[in-house]
>>> print(open('start-v9.pdb').read())   # PDB, C-alpha atoms, pLDDT in the B column
MODEL        1
ATOM      1  CA  MET A 270     278.418 -80.475-174.838  1.00 40.00           C
ATOM      2  CA  ARG A 271     282.021 -79.419-174.253  1.00 35.00           C
ATOM      3  CA  PRO A 272     282.720 -75.790-173.402  1.00 35.00           C
ATOM      4  CA  THR A 273     284.790 -73.830-175.872  1.00 33.00           C
ATOM      5  CA  ILE A 274     288.070 -72.557-174.504  1.00 37.00           C
ATOM      6  CA  SER A 275     288.911 -69.272-176.127  1.00 36.00           C
ATOM      7  CA  SER A 276     292.435 -68.026-176.433  1.00 40.00           C
ATOM      8  CA  PRO A 277     293.334 -64.924-174.416  1.00 42.00           C
ATOM      9  CA  ILE A 278     295.222 -63.603-177.438  1.00 43.00           C
ATOM     10  CA  SER A 279     293.480 -61.767-180.242  1.00 39.00           C
ATOM     11  CA  PRO A 280     294.283 -63.466-183.574  1.00 37.00           C
ATOM     12  CA  ASN A 281     295.128 -60.119-185.159  1.00 35.00           C
ATOM     13  CA  ARG A 282     297.652 -58.786-182.644  1.00 37.00           C
ATOM     14  CA  GLY A 283     300.969 -59.931-181.268  1.00 38.00           C
ATOM     15  CA  SER A 284     302.962 -62.272-183.434  1.00 36.00           C
ATOM     16  CA  ILE A 285     305.252 -65.146-183.744  1.00 37.00           C
ATOM     17  CA  SER A 286     307.945 -63.650-185.908  1.00 36.00           C
ATOM     18  CA  THR A 287     308.785 -65.013-189.311  1.00 34.00           C
ATOM     19  CA  PRO A 288     312.279 -65.936-190.435  1.00 34.00           C
ATOM     20  CA  ASN A 289     314.615 -63.123-191.412  1.00 35.00           C
ATOM     21  CA  LYS A 290     316.325 -64.758-194.378  1.00 33.00           C
ATOM     22  CA  GLY A 291     319.131 -62.877-196.029  1.00 32.00           C
ATOM     23  CA  LYS A 292     318.417 -59.529-194.366  1.00 33.00           C
ATOM     24  CA  SER A 293     320.624 -57.508-192.113  1.00 33.00           C
ATOM     25  CA  THR A 294     319.003 -56.572-188.843  1.00 40.00           C
ATOM     26  CA  SER A 295     317.627 -53.096-188.319  1.00 42.00           C
ATOM     27  CA  ALA A 296     315.269 -51.609-185.765  1.00 45.00           C
ATOM     28  CA  GLY A 297     312.562 -54.127-184.957  1.00 51.00           C
ATOM     29  CA  GLU A 298     314.092 -57.062-186.782  1.00 69.00           C
ATOM     30  CA  VAL A 299     315.437 -59.979-184.820  1.00 77.00           C
ATOM     31  CA  ASP A 300     319.054 -61.017-185.019  1.00 86.00           C
ATOM     32  CA  PRO A 301     318.898 -64.295-186.974  1.00 93.00           C
ATOM     33  CA  LYS A 302     321.646 -65.727-184.734  1.00 95.00           C
ATOM     34  CA  LEU A 303     319.478 -65.124-181.653  1.00 96.00           C
ATOM     35  CA  ARG A 304     316.521 -66.833-183.289  1.00 96.00           C
ATOM     36  CA  GLU A 305     318.714 -69.751-184.357  1.00 97.00           C
ATOM     37  CA  GLU A 306     320.166 -70.149-180.825  1.00 97.00           C
ATOM     38  CA  LEU A 307     316.753 -70.123-179.149  1.00 98.00           C
ATOM     39  CA  GLU A 308     315.228 -72.505-181.688  1.00 98.00           C
ATOM     40  CA  ARG A 309     318.201 -74.873-181.374  1.00 98.00           C
ATOM     41  CA  ALA A 310     318.066 -74.849-177.571  1.00 98.00           C
ATOM     42  CA  SER A 311     314.291 -75.490-177.491  1.00 98.00           C
ATOM     43  CA  SER A 312     314.140 -77.984-180.374  1.00 98.00           C
ATOM     44  CA  GLY A 313     312.299 -81.131-179.344  1.00 96.00           C
ATOM     45  CA  LEU A 314     311.446 -79.785-175.867  1.00 97.00           C
ATOM     46  CA  VAL A 315     307.887 -79.293-174.647  1.00 96.00           C
ATOM     47  CA  TYR A 316     306.347 -77.472-171.719  1.00 96.00           C
ATOM     48  CA  SER A 317     304.484 -80.047-169.651  1.00 91.00           C
ATOM     49  CA  SER A 318     301.147 -79.202-168.144  1.00 93.00           C
ATOM     50  CA  GLU A 319     297.900 -81.084-168.749  1.00 94.00           C
ATOM     51  CA  SER A 320     299.173 -81.239-172.313  1.00 93.00           C
ATOM     52  CA  ASP A 321     302.695 -81.073-173.666  1.00 95.00           C
ATOM     53  CA  ARG A 322     303.190 -78.140-176.014  1.00 97.00           C
ATOM     54  CA  PRO A 323     306.317 -77.178-177.982  1.00 98.00           C
ATOM     55  CA  PHE A 324     308.115 -73.857-177.751  1.00 98.00           C
ATOM     56  CA  GLU A 325     307.993 -71.344-180.613  1.00 98.00           C
ATOM     57  CA  PHE A 326     310.222 -68.358-181.226  1.00 97.00           C
ATOM     58  CA  PHE A 327     308.596 -65.028-180.352  1.00 97.00           C
ATOM     59  CA  SER A 328     309.604 -61.415-180.955  1.00 96.00           C
ATOM     60  CA  LEU A 329     307.947 -58.025-180.721  1.00 95.00           C
ATOM     61  CA  ARG A 330     309.160 -54.470-181.319  1.00 93.00           C
ATOM     62  CA  TYR A 331     309.831 -52.680-178.033  1.00 92.00           C
ATOM     63  CA  PRO A 332     312.677 -50.265-178.807  1.00 82.00           C
ATOM     64  CA  GLY A 333     314.178 -47.827-176.375  1.00 71.00           C
ATOM     65  CA  LYS A 334     313.063 -49.478-173.148  1.00 81.00           C
ATOM     66  CA  ARG A 335     315.468 -50.202-170.293  1.00 86.00           C
ATOM     67  CA  GLY A 336     313.530 -53.085-168.807  1.00 92.00           C
ATOM     68  CA  SER A 337     310.871 -55.625-169.669  1.00 95.00           C
ATOM     69  CA  PRO A 338     307.264 -54.431-169.417  1.00 96.00           C
ATOM     70  CA  ASP A 339     305.028 -55.177-166.455  1.00 96.00           C
ATOM     71  CA  GLY A 340     302.316 -57.798-166.924  1.00 97.00           C
ATOM     72  CA  THR A 341     299.541 -55.401-167.878  1.00 96.00           C
ATOM     73  CA  GLU A 342     301.654 -53.656-170.513  1.00 96.00           C
ATOM     74  CA  PHE A 343     302.898 -56.959-171.964  1.00 97.00           C
ATOM     75  CA  ALA A 344     299.333 -58.278-172.254  1.00 98.00           C
ATOM     76  CA  ARG A 345     298.355 -55.099-174.086  1.00 96.00           C
ATOM     77  CA  LEU A 346     301.376 -55.402-176.416  1.00 96.00           C
ATOM     78  CA  VAL A 347     300.424 -58.934-177.486  1.00 97.00           C
ATOM     79  CA  GLY A 348     296.766 -58.016-177.913  1.00 97.00           C
ATOM     80  CA  ALA A 349     295.307 -59.950-174.990  1.00 97.00           C
ATOM     81  CA  PHE A 350     291.774 -59.141-173.968  1.00 95.00           C
ATOM     82  CA  PRO A 351     291.764 -56.374-171.304  1.00 93.00           C
ATOM     83  CA  GLU A 352     290.102 -58.681-168.761  1.00 95.00           C
ATOM     84  CA  ALA A 353     292.627 -61.509-169.310  1.00 97.00           C
ATOM     85  CA  ARG A 354     294.393 -62.834-166.224  1.00 98.00           C
ATOM     86  CA  VAL A 355     298.116 -61.989-166.283  1.00 98.00           C
ATOM     87  CA  GLN A 356     300.812 -63.498-164.073  1.00 98.00           C
ATOM     88  CA  VAL A 357     304.523 -62.691-164.163  1.00 98.00           C
ATOM     89  CA  ARG A 358     307.000 -65.331-162.988  1.00 98.00           C
ATOM     90  CA  SER A 359     310.741 -65.804-162.955  1.00 98.00           C
ATOM     91  CA  ILE A 360     312.369 -68.041-165.537  1.00 98.00           C
ATOM     92  CA  ASP A 361     313.574 -70.398-162.777  1.00 96.00           C
ATOM     93  CA  GLU A 362     310.069 -70.725-161.318  1.00 96.00           C
ATOM     94  CA  PHE A 363     308.570 -71.403-164.765  1.00 97.00           C
ATOM     95  CA  PHE A 364     311.059 -74.153-165.672  1.00 96.00           C
ATOM     96  CA  ALA A 365     311.237 -75.707-162.167  1.00 93.00           C
ATOM     97  CA  ARG A 366     308.979 -78.627-163.142  1.00 86.00           C
ATOM     98  CA  HIS A 367     311.577 -79.594-165.753  1.00 89.00           C
ATOM     99  CA  THR A 368     314.703 -78.810-163.734  1.00 89.00           C
ATOM    100  CA  THR A 369     314.711 -78.590-159.933  1.00 85.00           C
ATOM    101  CA  THR A 370     311.493 -80.485-159.141  1.00 74.00           C
ATOM    102  CA  SER A 371     311.609 -83.165-161.857  1.00 71.00           C
ATOM    103  CA  ASP A 372     310.990 -86.707-160.592  1.00 74.00           C
ATOM    104  CA  PRO A 373     314.370 -88.223-159.616  1.00 77.00           C
ATOM    105  CA  TYR A 374     313.000 -91.740-160.245  1.00 80.00           C
ATOM    106  CA  ASP A 375     311.750 -90.971-163.767  1.00 78.00           C
ATOM    107  CA  SER A 376     314.692 -91.876-165.995  1.00 78.00           C
ATOM    108  CA  GLU A 377     313.234 -90.067-169.020  1.00 80.00           C
ATOM    109  CA  SER A 378     312.795 -86.767-167.178  1.00 78.00           C
ATOM    110  CA  GLN A 379     316.299 -87.084-165.698  1.00 82.00           C
ATOM    111  CA  HIS A 380     317.724 -87.817-169.141  1.00 87.00           C
ATOM    112  CA  ILE A 381     316.158 -84.662-170.662  1.00 89.00           C
ATOM    113  CA  ARG A 382     316.685 -82.424-167.609  1.00 91.00           C
ATOM    114  CA  PRO A 383     320.104 -81.096-168.799  1.00 94.00           C
ATOM    115  CA  ARG A 384     318.465 -79.838-172.021  1.00 96.00           C
ATOM    116  CA  TYR A 385     315.990 -77.738-170.018  1.00 96.00           C
ATOM    117  CA  GLU A 386     318.818 -76.431-167.841  1.00 96.00           C
ATOM    118  CA  GLU A 387     320.717 -75.466-171.010  1.00 97.00           C
ATOM    119  CA  LEU A 388     317.622 -73.750-172.401  1.00 98.00           C
ATOM    120  CA  VAL A 389     317.388 -71.602-169.258  1.00 98.00           C
ATOM    121  CA  ARG A 390     321.109 -70.721-169.591  1.00 98.00           C
ATOM    122  CA  VAL A 391     320.721 -69.797-173.290  1.00 98.00           C
ATOM    123  CA  LEU A 392     317.721 -67.561-172.591  1.00 98.00           C
ATOM    124  CA  SER A 393     319.496 -65.883-169.671  1.00 97.00           C
ATOM    125  CA  ARG A 394     322.740 -65.441-171.621  1.00 97.00           C
ATOM    126  CA  HIS A 395     321.200 -63.913-174.763  1.00 97.00           C
ATOM    127  CA  LEU A 396     318.406 -61.796-173.251  1.00 97.00           C
ATOM    128  CA  ARG A 397     318.254 -59.135-170.534  1.00 96.00           C
ATOM    129  CA  ASP A 398     315.589 -58.923-167.840  1.00 96.00           C
ATOM    130  CA  VAL A 399     313.958 -62.262-168.736  1.00 97.00           C
ATOM    131  CA  LYS A 400     310.445 -62.738-167.371  1.00 98.00           C
ATOM    132  CA  VAL A 401     307.668 -65.230-167.950  1.00 98.00           C
ATOM    133  CA  TYR A 402     304.250 -63.794-168.752  1.00 98.00           C
ATOM    134  CA  ARG A 403     301.294 -66.153-168.337  1.00 98.00           C
ATOM    135  CA  ILE A 404     298.113 -64.821-169.923  1.00 98.00           C
ATOM    136  CA  GLY A 405     294.697 -66.443-169.574  1.00 97.00           C
ATOM    137  CA  ARG A 406     292.923 -69.167-167.616  1.00 96.00           C
ATOM    138  CA  ILE A 407     292.764 -72.880-168.483  1.00 96.00           C
ATOM    139  CA  GLU A 408     294.508 -72.368-171.856  1.00 97.00           C
ATOM    140  CA  ILE A 409     297.379 -70.124-170.787  1.00 98.00           C
ATOM    141  CA  ALA A 410     299.678 -68.416-173.281  1.00 98.00           C
ATOM    142  CA  CYS A 411     303.168 -68.496-171.752  1.00 98.00           C
ATOM    143  CA  TYR A 412     305.859 -66.124-173.003  1.00 98.00           C
ATOM    144  CA  VAL A 413     309.463 -66.519-171.807  1.00 98.00           C
ATOM    145  CA  VAL A 414     310.710 -63.112-172.906  1.00 98.00           C
ATOM    146  CA  GLY A 415     313.536 -60.658-172.381  1.00 97.00           C
ATOM    147  CA  LEU A 416     315.170 -57.755-174.164  1.00 96.00           C
ATOM    148  CA  ASP A 417     317.445 -58.486-177.115  1.00 94.00           C
ATOM    149  CA  GLY A 418     320.513 -56.420-178.060  1.00 90.00           C
ATOM    150  CA  ASP A 419     318.307 -53.734-179.662  1.00 89.00           C
ATOM    151  CA  GLY A 420     315.920 -53.526-176.706  1.00 91.00           C
ATOM    152  CA  ASN A 421     313.109 -55.410-178.458  1.00 94.00           C
ATOM    153  CA  LEU A 422     311.248 -58.298-176.825  1.00 97.00           C
ATOM    154  CA  ALA A 423     312.330 -61.785-177.862  1.00 97.00           C
ATOM    155  CA  GLY A 424     312.115 -65.293-176.509  1.00 98.00           C
ATOM    156  CA  LEU A 425     309.848 -68.306-176.647  1.00 98.00           C
ATOM    157  CA  LYS A 426     306.111 -68.879-176.477  1.00 98.00           C
ATOM    158  CA  THR A 427     304.180 -71.990-175.467  1.00 98.00           C
ATOM    159  CA  VAL A 428     300.797 -72.934-174.052  1.00 98.00           C
ATOM    160  CA  ALA A 429     299.943 -74.483-170.698  1.00 97.00           C
ATOM    161  CA  ILE A 430     296.630 -76.223-170.070  1.00 97.00           C
ATOM    162  CA  GLU A 431     295.524 -75.998-166.428  1.00 95.00           C
ATOM    163  CA  THR A 432     291.988 -76.996-165.482  1.00 94.00           C
TER     164      THR A 432
ENDMDL
END
>>> encode(input="start-v9.pdb", output="structure tokens")
Amino acid sequence: MRPTISSPISPNRGSISTPNKGKSTSAGEVDPKLREELERASSGLVYSSESDRPFEFFSLRYPGKRGSPDGTEFARLVGAFPEARVQVRSIDEFFARHTTTSDPYDSESQHIRPRYEELVRVLSRHLRDVKVYRIGRIEIACYVVGLDGDGNLAGLKTVAIET
């Protein structure tokens, strides 16, 4: 019998935002241009671990803050279980497997490497204080998040499998 791997994220809290069609942005709403840029830059890319998972746009209200939350606060904001393991990493460390440490003899990884480098540039250019929050064990929710122009949290979410 296979063990069940439960997600560290409560299904009722935290969210992947929905499109903002035809609305002007106000407090808590994401700039549609930001969403478009991040989705364009991550389109077709996956985060490689023991499985390859795509990136999804993520946003969360966080107005009035000067910097990104610490790991414990971020986990609480997305509704992770209180006992969930939380790690905070830099954006460069998180993407290193796709950029700086990719196999130089693997032509496919070298061909796609510039797209990952561009994704890192887009995230860093459009968001302040970008951090990567890894929440959980085995099935790890990974959020590459920074502050948007209104001080809310925005970025990308993916999953890493690490047994």
>>> atom_distance(input="start-v9.pdb", atom1="CA of Leu396 in chain A", atom2="CA of Gly418 in chain A")
7.5 Å
>>> residues_around(input="start-v9.pdb", residues="range 414-416 of chain A", least_positions_apart="3", cutoff="6 Å", atoms="all atoms listed in the file", output="number ranges by chain")
A: 396-400, 420-424
>>> resolve_selection(input="start-v9.pdb", expression="the PyMOL selection byres ((chain A and resi 307) around 9)", output="ChimeraX atom specification")
/A:302-306,308-312,325-326,388,391-392,395,424-425
>>> write_last_selection(input="start-v9.pdb", atoms="C-alpha atoms", output="JSON list (two decimals), keeping the file's coordinate frame")
[["chain", "number", "residue", "atom", "x", "y", "z"],
["A", 302, "LYS", "CA", 321.65, -65.73, -184.73],
["A", 303, "LEU", "CA", 319.48, -65.12, -181.65],
["A", 304, "ARG", "CA", 316.52, -66.83, -183.29],
["A", 305, "GLU", "CA", 318.71, -69.75, -184.36],
["A", 306, "GLU", "CA", 320.17, -70.15, -180.82],
["A", 308, "GLU", "CA", 315.23, -72.50, -181.69],
["A", 309, "ARG", "CA", 318.20, -74.87, -181.37],
["A", 310, "ALA", "CA", 318.07, -74.85, -177.57],
["A", 311, "SER", "CA", 314.29, -75.49, -177.49],
["A", 312, "SER", "CA", 314.14, -77.98, -180.37],
["A", 325, "GLU", "CA", 307.99, -71.34, -180.61],
["A", 326, "PHE", "CA", 310.22, -68.36, -181.23],
["A", 388, "LEU", "CA", 317.62, -73.75, -172.40],
["A", 391, "VAL", "CA", 320.72, -69.80, -173.29],
["A", 392, "LEU", "CA", 317.72, -67.56, -172.59],
["A", 395, "HIS", "CA", 321.20, -63.91, -174.76],
["A", 424, "GLY", "CA", 312.12, -65.29, -176.51],
["A", 425, "LEU", "CA", 309.85, -68.31, -176.65]]
>>> atom_distance(input="start-v9.pdb", atom1="CA of Asp375 in chain A", atom2="CA of Gly313 in chain A")
18.4 Å
>>> atom_distance(input="start-v9.pdb", atom1="CA of Ser393 in chain A", atom2="CA of Glu431 in chain A")
26.2 Å
>>> residues_around(input="start-v9.pdb", residues="Thr427 in chain A", least_positions_apart="4", cutoff="9 Å", atoms="only C-alpha atoms", output="JSON, numbers by chain")
{"A": [315, 316, 322, 323, 324, 325, 409, 410, 411, 412, 413]}
>>> closest_residue(input="start-v9.pdb", among="A:Asp417, A:Glu387, A:Glu342, A:Asp372", to="Val299 in chain A", atoms="only C-alpha atoms")
A:Asp417
>>> axis_aligned_box(input="start-v9.pdb", around="range 408-413 of chain A", padding_each_side="3 Å", output="lines of an AutoDock Vina configuration file")
center_x = 302.0
center_y = -69.2
center_z = -172.0
size_x = 21.0
size_y = 12.2
size_z = 8.5
>>> resolve_selection(input="start-v9.pdb", expression="the PyMOL selection byres ((chain A and resi 330) around 7)", output="PyMOL selection string")
chain A and resi 297+328-329+331-332+421-422
>>> write_last_selection(input="start-v9.pdb", atoms="C-alpha atoms", output="PDB file, in the coordinates of the input")
ATOM      1  CA  GLY A 297     312.562 -54.127-184.957  1.00 51.00           C
ATOM      2  CA  SER A 328     309.604 -61.415-180.955  1.00 96.00           C
ATOM      3  CA  LEU A 329     307.947 -58.025-180.721  1.00 95.00           C
ATOM      4  CA  TYR A 331     309.831 -52.680-178.033  1.00 92.00           C
ATOM      5  CA  PRO A 332     312.677 -50.265-178.807  1.00 82.00           C
ATOM      6  CA  ASN A 421     313.109 -55.410-178.458  1.00 94.00           C
ATOM      7  CA  LEU A 422     311.248 -58.298-176.825  1.00 97.00           C
TER       8      LEU A 422
END
>>> closest_residue(input="start-v9.pdb", among="A:Gln379, A:Val357, A:Glu352, A:Thr370", to="Ser337 in chain A", atoms="only C-alpha atoms")
A:Val357
>>> resolve_selection(input="start-v9.pdb", expression="the PyMOL selection byres ((chain A and resi 319) around 6)", output="PDB file with C-alpha atoms, keeping the file's coordinate frame")
ATOM      1  CA  SER A 318     301.147 -79.202-168.144  1.00 93.00           C
ATOM      2  CA  SER A 320     299.173 -81.239-172.313  1.00 93.00           C
ATOM      3  CA  ILE A 430     296.630 -76.223-170.070  1.00 97.00           C
TER       4      ILE A 430
END
>>> residues_near_point(input="start-v9.pdb", point="(318.2, -79.9, -167.1)", cutoff="12 Å", atoms="only C-alpha atoms", output="ChimeraX atom specification")
/A:310-311,314,361,364-373,377-390
